[in-house]
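S.K.: Coordinates in coords-v8.tsv, TSV, C-alpha atoms, are listed below.
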chain	number	residue	atom	x	y	z
A	166	MET	CA	-40.04	229.09	69.81
A	167	LEU	CA	-37.13	227.40	68.05
A	168	ARG	CA	-36.11	228.93	64.75
A	169	PRO	CA	-35.81	226.09	62.22
A	170	VAL	CA	-33.18	225.28	59.66
A	171	ALA	CA	-34.81	225.94	56.27
A	172	VAL	CA	-33.93	224.46	52.90
A	173	GLY	CA	-35.07	225.50	49.44
A	174	PHE	CA	-36.28	222.51	47.42
A	175	ASP	CA	-36.96	222.49	43.66
A	176	GLY	CA	-36.86	218.75	42.95
A	177	SER	CA	-33.29	218.78	41.63
A	178	ARG	CA	-30.45	216.53	42.79
A	179	GLU	CA	-28.70	219.65	44.13
A	180	SER	CA	-31.64	220.65	46.30
A	181	LEU	CA	-32.05	217.10	47.65
A	182	ALA	CA	-28.37	217.05	48.70
A	183	ALA	CA	-28.95	220.42	50.36
A	184	ALA	CA	-32.00	219.02	52.16
A	185	HIS	CA	-29.99	216.14	53.64
A	186	TRP	CA	-27.18	218.52	54.69
A	187	ALA	CA	-29.79	220.78	56.30
A	188	ALA	CA	-31.35	217.78	58.05
A	189	ARG	CA	-28.01	216.77	59.58
A	190	GLU	CA	-27.35	220.35	60.69
A	191	ALA	CA	-30.82	220.64	62.21
A	192	LEU	CA	-30.27	217.44	64.21
A	193	ARG	CA	-26.87	218.65	65.41
A	194	ARG	CA	-28.46	221.86	66.66
A	195	GLY	CA	-31.65	220.26	67.99
A	196	LEU	CA	-33.83	222.23	65.58
A	197	PRO	CA	-36.73	221.34	63.24
A	198	LEU	CA	-36.36	221.43	59.46
A	199	ARG	CA	-38.55	223.49	57.14
A	200	LEU	CA	-38.65	222.08	53.59
A	201	VAL	CA	-39.63	224.97	51.31
A	202	GLN	CA	-40.72	224.42	47.73
A	203	ALA	CA	-40.54	227.77	45.96
A	204	TYR	CA	-43.01	226.99	43.18
A	205	GLU	CA	-44.46	229.60	40.85
A	206	PRO	CA	-47.74	228.37	39.26
A	207	ARG	CA	-48.61	229.22	35.70
A	208	PRO	CA	-51.80	231.13	34.95
A	209	GLY	CA	-54.78	228.77	34.74
A	210	GLY	CA	-57.24	228.32	31.94
A	211	ARG	CA	-60.86	229.44	31.85
A	212	GLY	CA	-61.72	230.68	35.29
A	213	GLY	CA	-58.63	228.99	36.62
A	214	SER	CA	-60.30	225.57	36.29
A	215	VAL	CA	-57.52	223.91	34.28
A	216	VAL	CA	-55.38	221.70	36.50
A	217	ASP	CA	-51.73	222.69	36.44
A	218	THR	CA	-49.92	219.39	35.91
A	219	ARG	CA	-46.65	221.09	36.86
A	220	ALA	CA	-48.12	221.86	40.27
A	221	LEU	CA	-49.16	218.25	40.74
A	222	ARG	CA	-45.71	217.00	39.80
A	223	ALA	CA	-44.12	219.53	42.15
A	224	GLN	CA	-46.36	218.39	45.01
A	225	GLY	CA	-45.39	214.80	44.32
A	226	ARG	CA	-41.67	215.61	44.41
A	227	LEU	CA	-42.12	217.49	47.67
A	228	ARG	CA	-43.94	214.53	49.28
A	229	LEU	CA	-41.24	212.14	48.11
A	230	ALA	CA	-38.49	214.38	49.49
A	231	GLU	CA	-40.28	214.68	52.82
A	232	ALA	CA	-40.67	210.89	53.05
A	233	ASN	CA	-37.02	210.37	52.12
A	234	LEU	CA	-35.86	212.78	54.83
A	235	ARG	CA	-38.05	211.14	57.47
A	236	GLN	CA	-36.74	207.70	56.51
A	237	CYS	CA	-33.06	208.74	56.54
A	238	HIS	CA	-33.37	210.92	59.67
A	239	PRO	CA	-36.03	209.34	61.93
A	240	ARG	CA	-35.53	211.82	64.78
A	241	LEU	CA	-35.95	214.84	62.52
A	242	VAL	CA	-39.03	217.06	62.70
A	243	VAL	CA	-39.86	218.03	59.09
A	244	ALA	CA	-42.42	220.62	58.01
A	245	PRO	CA	-43.05	221.04	54.24
A	246	GLU	CA	-44.09	224.45	52.96
A	247	ARG	CA	-45.26	225.71	49.53
A	248	PRO	CA	-45.45	229.54	49.55
A	249	GLY	CA	-47.57	231.07	46.82
A	250	VAL	CA	-45.15	233.87	46.00
A	251	PRO	CA	-42.23	234.18	43.55
A	252	ALA	CA	-39.18	232.08	44.40
A	253	THR	CA	-36.80	234.79	45.58
A	254	GLN	CA	-39.42	236.38	47.83
A	255	ALA	CA	-40.40	232.97	49.24
A	256	LEU	CA	-36.81	232.17	50.16
A	257	LEU	CA	-36.18	235.63	51.63
A	258	ASP	CA	-39.35	235.34	53.72
A	259	VAL	CA	-38.42	231.94	55.11
A	260	ALA	CA	-34.83	233.06	55.78
A	261	GLU	CA	-36.14	235.84	58.00
A	262	ARG	CA	-37.90	233.25	60.16
A	263	SER	CA	-35.12	230.66	60.22
A	264	GLU	CA	-31.75	230.06	61.84
A	265	MET	CA	-30.27	229.55	58.37
A	266	LEU	CA	-31.35	228.86	54.81
A	267	VAL	CA	-29.70	226.03	52.84
A	268	LEU	CA	-29.63	225.99	49.03
A	269	GLY	CA	-28.26	223.52	46.51
A	270	SER	CA	-25.57	224.43	43.99
A	271	ARG	CA	-23.94	222.81	40.99
A	272	GLY	CA	-20.30	221.78	40.71
A	273	HIS	CA	-17.49	224.24	40.22
A	274	GLY	CA	-18.22	227.16	37.95
A	275	GLY	CA	-21.79	228.12	38.72
A	276	VAL	CA	-24.70	228.22	41.11
A	277	THR	CA	-28.04	226.54	40.53
A	278	GLY	CA	-30.88	228.93	41.19
A	279	PHE	CA	-34.40	227.97	42.16
A	280	LEU	CA	-36.65	228.31	39.10
A	281	LEU	CA	-34.26	230.97	37.77
A	282	GLY	CA	-30.48	230.80	37.70
A	283	SER	CA	-30.07	234.08	39.55
A	284	VAL	CA	-32.39	233.27	42.46
A	285	GLY	CA	-29.76	231.60	44.67
A	286	LEU	CA	-27.30	234.46	44.41
A	287	ALA	CA	-30.01	237.11	44.81
A	288	THR	CA	-31.23	235.35	47.94
A	289	ALA	CA	-27.74	235.13	49.45
A	290	ALA	CA	-27.19	238.83	48.78
A	291	ARG	CA	-30.37	239.91	50.56
A	292	ALA	CA	-31.27	237.25	53.15
A	293	ALA	CA	-31.57	238.26	56.79
A	294	SER	CA	-30.01	235.00	58.02
A	295	PRO	CA	-27.01	232.92	56.91
A	296	VAL	CA	-27.37	231.19	53.55
A	297	VAL	CA	-25.49	227.91	53.07
A	298	PHE	CA	-24.69	226.55	49.59
A	299	VAL	CA	-24.29	222.77	49.27
A	300	ARG	CA	-23.13	220.94	46.15
A	301	SER	CA	-24.94	217.93	44.72
A	302	SER	CA	-22.04	215.58	45.50
A	303	GLU	CA	-21.99	216.42	49.23
A	304	SER	CA	-22.69	213.54	51.65
A	305	SER	CA	-22.37	212.87	55.37
A	306	VAL	CA	-18.88	211.34	55.05
A	307	ASP	CA	-17.58	214.56	53.49
A	308	GLU	CA	-18.13	216.29	56.83
A	309	HIS	CA	-15.63	213.96	58.52
A	310	PHE	CA	-11.92	213.27	58.22
A	311	VAL	CA	-10.94	210.03	56.49
A	312	ASP	CA	-10.06	207.07	58.70
A	313	GLU	CA	-6.61	205.59	59.36
A	314	ASP	CA	-6.74	203.74	56.04
A	315	GLY	CA	-7.63	206.89	54.14
A	316	LEU	CA	-11.23	205.76	53.61
A	317	PRO	CA	-14.38	207.89	54.05
A	318	SER	CA	-16.08	207.42	57.41
A	319	VAL	CA	-18.74	208.99	59.61
A	320	GLU	CA	-17.02	207.58	62.72
A	321	THR	CA	-14.05	209.98	62.54
A	322	PRO	CA	-14.03	213.56	63.92
A	323	TYR	CA	-15.65	216.37	61.98
A	324	ARG	CA	-13.53	218.45	59.65
A	325	ASP	CA	-12.79	222.02	60.74
A	326	VAL	CA	-15.03	224.98	60.10
A	327	VAL	CA	-12.95	227.60	58.25
A	328	LEU	CA	-13.82	231.22	58.99
A	329	GLY	CA	-12.74	234.15	56.86
A	330	LEU	CA	-12.50	237.45	58.73
A	331	ASP	CA	-12.06	241.06	57.67
A	332	LEU	CA	-11.29	242.90	60.90
A	333	ARG	CA	-12.06	246.29	59.39
A	334	TRP	CA	-15.77	245.58	59.92
A	335	PRO	CA	-17.86	244.48	62.92
A	336	CYS	CA	-18.34	240.74	62.65
A	337	ASP	CA	-20.12	239.42	65.76
A	338	GLU	CA	-22.84	237.70	63.69
A	339	LEU	CA	-20.15	235.99	61.62
A	340	LEU	CA	-18.20	234.86	64.68
A	341	ARG	CA	-21.31	233.63	66.47
A	342	PHE	CA	-22.39	231.49	63.53
A	343	ALA	CA	-18.92	229.99	63.04
A	344	PHE	CA	-18.39	229.15	66.71
A	345	GLU	CA	-21.91	227.74	67.13
A	346	THR	CA	-21.46	225.55	64.06
A	347	ALA	CA	-18.08	224.24	65.21
A	348	ALA	CA	-19.47	223.59	68.71
A	349	ALA	CA	-22.48	221.71	67.33
A	350	ARG	CA	-20.11	219.40	65.45
A	351	GLY	CA	-17.62	219.01	68.27
A	352	GLY	CA	-14.97	220.06	65.78
A	353	GLY	CA	-12.36	222.77	65.40
A	354	LEU	CA	-12.41	226.28	64.00
A	355	HIS	CA	-9.74	227.61	61.64
A	356	ALA	CA	-9.87	231.44	61.58
A	357	VAL	CA	-8.17	233.14	58.62
A	358	TYR	CA	-7.33	236.84	58.44
A	359	ALA	CA	-5.77	238.11	55.21
A	360	TRP	CA	-4.38	241.60	55.56
A	361	HIS	CA	-2.71	244.16	53.32
A	362	LEU	CA	0.13	246.44	54.36
A	363	PRO	CA	-1.39	249.93	54.17
A	364	ALA	CA	0.46	252.92	52.80
A	365	GLU	CA	1.16	255.32	55.64
A	366	TYR	CA	-0.42	258.10	53.65
A	367	GLY	CA	-2.13	258.12	50.28
A	368	TYR	CA	-3.45	260.65	47.84
A	369	GLU	CA	-7.23	260.71	47.62
A	370	ALA	CA	-8.80	263.63	45.75
A	371	GLY	CA	-5.78	265.84	46.47
A	372	PRO	CA	-5.22	265.97	50.24
A	373	LEU	CA	-3.20	263.43	52.15
A	374	VAL	CA	-5.42	260.91	53.93
A	375	GLU	CA	-4.11	258.64	56.66
A	376	ARG	CA	-4.85	254.96	56.13
A	377	THR	CA	-5.49	252.59	59.02
A	378	GLY	CA	-4.80	248.90	59.45
A	379	PRO	CA	-2.09	246.52	60.72
A	380	ARG	CA	1.42	247.63	59.85
A	381	SER	CA	3.06	244.26	60.44
A	382	GLY	CA	2.24	240.58	60.61
A	383	SER	CA	2.58	240.58	64.39
A	384	GLU	CA	0.15	243.50	64.68
A	385	ALA	CA	-2.32	241.65	62.46
A	386	ALA	CA	-1.94	238.51	64.59
A	387	GLN	CA	-2.61	240.51	67.76
A	388	ALA	CA	-5.74	241.99	66.19
A	389	LEU	CA	-7.04	238.53	65.26
A	390	THR	CA	-6.33	237.11	68.72
A	391	GLY	CA	-8.07	240.05	70.36
A	392	THR	CA	-11.15	239.61	68.15
A	393	LEU	CA	-11.41	235.88	68.88
A	394	GLN	CA	-10.68	236.07	72.60
A	395	ARG	CA	-14.25	236.73	73.80
A	396	TRP	CA	-15.67	233.98	71.59
A	397	CYS	CA	-13.05	231.47	72.67
A	398	ALA	CA	-14.13	232.12	76.26
A	399	LYS	CA	-17.79	231.55	75.33
A	400	PHE	CA	-17.01	228.32	73.49
A	401	PRO	CA	-14.11	226.70	75.40
A	402	GLN	CA	-14.91	223.32	73.79
A	403	VAL	CA	-13.96	224.64	70.34
A	404	THR	CA	-10.29	224.27	69.40
A	405	VAL	CA	-9.25	227.36	67.45
A	406	VAL	CA	-6.38	227.68	64.98
A	407	GLU	CA	-5.47	231.23	63.99
A	408	GLN	CA	-3.94	232.04	60.62
A	409	VAL	CA	-2.72	235.45	59.50
A	410	THR	CA	-1.57	235.83	55.94
A	411	ALA	CA	-0.60	238.76	53.78
A	412	GLY	CA	-2.27	239.03	50.40
A	413	ARG	CA	-5.60	238.27	48.83
A	414	ALA	CA	-8.26	236.80	51.11
A	415	SER	CA	-9.80	234.65	48.36
A	416	ARG	CA	-6.62	232.63	47.77
A	417	ALA	CA	-5.94	232.14	51.47
A	418	LEU	CA	-9.50	230.97	52.12
A	419	LEU	CA	-9.57	228.51	49.24
A	420	ARG	CA	-6.32	226.94	50.46
A	421	ALA	CA	-7.56	226.73	54.05
A	422	ALA	CA	-10.95	225.33	52.98
A	423	SER	CA	-9.52	222.60	50.74
A	424	GLU	CA	-9.89	220.08	53.60
A	425	ALA	CA	-12.66	221.84	55.55
A	426	GLY	CA	-16.18	220.74	56.39
A	427	LEU	CA	-17.61	224.23	55.95
A	428	LEU	CA	-16.33	227.64	54.84
A	429	VAL	CA	-17.92	230.65	56.56
A	430	VAL	CA	-17.63	234.10	54.99
A	431	GLY	CA	-19.45	237.35	55.60
A	432	ARG	CA	-21.21	239.96	53.56
A	433	SER	CA	-22.18	243.46	54.58
A	434	ALA	CA	-25.89	243.84	55.27
A	435	ARG	CA	-25.67	247.56	54.54
A	436	ARG	CA	-27.12	248.81	51.27
A	437	SER	CA	-24.79	250.77	49.01
A	438	VAL	CA	-25.57	253.07	46.10
A	439	ILE	CA	-25.62	250.00	43.82
A	440	GLY	CA	-27.84	248.00	46.17
A	441	THR	CA	-27.16	244.93	48.30
A	442	ARG	CA	-24.49	242.63	46.90
A	443	LEU	CA	-22.45	239.62	47.93
A	444	GLY	CA	-18.97	241.06	47.61
A	445	PRO	CA	-16.00	239.48	45.83
A	446	VAL	CA	-14.88	237.08	48.58
A	447	ALA	CA	-18.34	235.56	49.13
A	448	HIS	CA	-18.90	235.34	45.37
A	449	MET	CA	-15.57	233.56	44.92
A	450	ALA	CA	-16.26	231.15	47.76
A	451	ILE	CA	-19.66	230.11	46.42
A	452	HIS	CA	-18.26	229.39	42.98
A	453	HIS	CA	-14.93	227.76	43.82
A	454	ALA	CA	-14.80	226.28	47.34
A	455	ARG	CA	-14.92	222.47	47.43
A	456	CYS	CA	-16.88	222.34	50.70
A	457	PRO	CA	-20.27	223.87	51.61
A	458	VAL	CA	-20.17	227.66	51.98
A	459	ALA	CA	-22.10	229.76	54.50
A	460	VAL	CA	-22.63	233.45	53.68
A	461	VAL	CA	-23.45	235.37	56.86
A	462	PRO	CA	-24.88	238.92	56.80
A	463	HIS	CA	-23.38	241.34	59.31
A	464	ASP	CA	-23.44	245.08	60.02
Represent the structure from my file as structure tokens, please.
M.R.:
Amino acid sequence: MLRPVAVGFDGSRESLAAAHWAAREALRRGLPLRLVQAYEPRPGGRGGSVVDTRALRAQGRLRLAEANLRQCHPRLVVAPERPGVPATQALLDVAERSEMLVLGSRGHGGVTGFLLGSVGLATAARAASPVVFVRSSESSVDEHFVDEDGLPSVETPYRDVVLGLDLRWPCDELLRFAFETAAARGGGLHAVYAWHLPAEYGYEAGPLVERTGPRSGSEAAQALTGTLQRWCAKFPQVTVVEQVTAGRASRALLRAASEAGLLVVGRSARRSVIGTRLGPVAHMAIHHARCPVAVVPHD
């Protein structure tokens, strides 16, 4: 059975933009779309007989969104869903059964949650599948390069998918998602590896501890090429540009993603002593990247 693309819908402009982005991605991948309204009903009146007008309004917004998606994307298979559980749990549940989960976000400086402001970030930090954040201003022309006259167009090639890599960790899930997304668009992939020159030895709790990692730019470039080689062979139709830079990953990724169609970053799926968290690079990308951002869990 095909795993759908899922989108969280709360009736806001941000979530509707996310729904249309998710619809386009589902069509590119030949997948159905699951439109999930994470609605938390208020306690009813006597015996639960009082009609919750909020629930009726929410149902109406969901029906309107479904009709809008069917009208704009006639070939799309859309399935609406209204789980009866709290928002975060509803989104986590649907993410586990989906190829990806798409959420809406505000402009620069913050993320719109679903019912609560923290729901989007909490979902991205714990979801079993990639979570994509889409801003309210995003449209289909933003996925494409401008035309020869510098005007927006959907007839031009897709913008590149930018992938941020940290080669200290296994990242097959991250690489698979990035290559599959670029292949579905018929576009290119721009892989960025930001590395730091390690001290040969460092003091940690007294004894000398050897540190590992690239010791030169050429060594870092070789490591990136070696990591990408297998995936380039699997996806020969994807044109790959490799970029190795010394310094902070966040700055390098923001520069590379300034003209991108999608920025893909990873987060560790392992739980630490402080619980599951996004990590600084993913957190930065969600808040500051100008294009949609996919956060992919990996081991």
S.K.: Set the distance at 12 Å and use all atoms listed in the file: which residues neighbour Ala347 of chain A once local chain neighbours fewer than 6 positions away are removed? I'd like the list as a PyMOL selection string.
M.R.: chain A and resi 190+193-194+308+322-328+340-341+353-356+396-397+400-405+425-429
S.K.: Please determine, counting only C-alpha atoms, which residue among A:Val460, A:Ala191, A:Ala183, A:Cys237 has the shortest atom-to-atom distance to Ser301 of chain A.
M.R.: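 Smallest distance to Ser301 of chain A is found for A:Ala183.
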S.K.: Find the residues around segment 409-419 of chain A up to 7 Å (only C-alpha atoms counted), leave out those fewer than 6 positions away in its own chain, and share them as a list in words.
M.R.: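 Non-adjacent residues within range: Gly329, Val357, Tyr358, Ala359, Trp360, His361, Ala385, Ala386, Val446, Met449 and Ala454 of chain A.
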S.K.: Taking all atoms listed in the file into account, name the residue in A:Asp175, A:Glu384, A:Asp331, A:Asp307 that is nearest to Arg219 of chain A.
M.R.: A:Asp175
S.K.: What is the atom CA of His452 of chain A-atom CA of Ala434 of chain A distance in Å, reported with one decimal?
M.R.: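 Separation between atom CA of His452 of chain A and atom CA of Ala434 of chain A: 20.4 Å.
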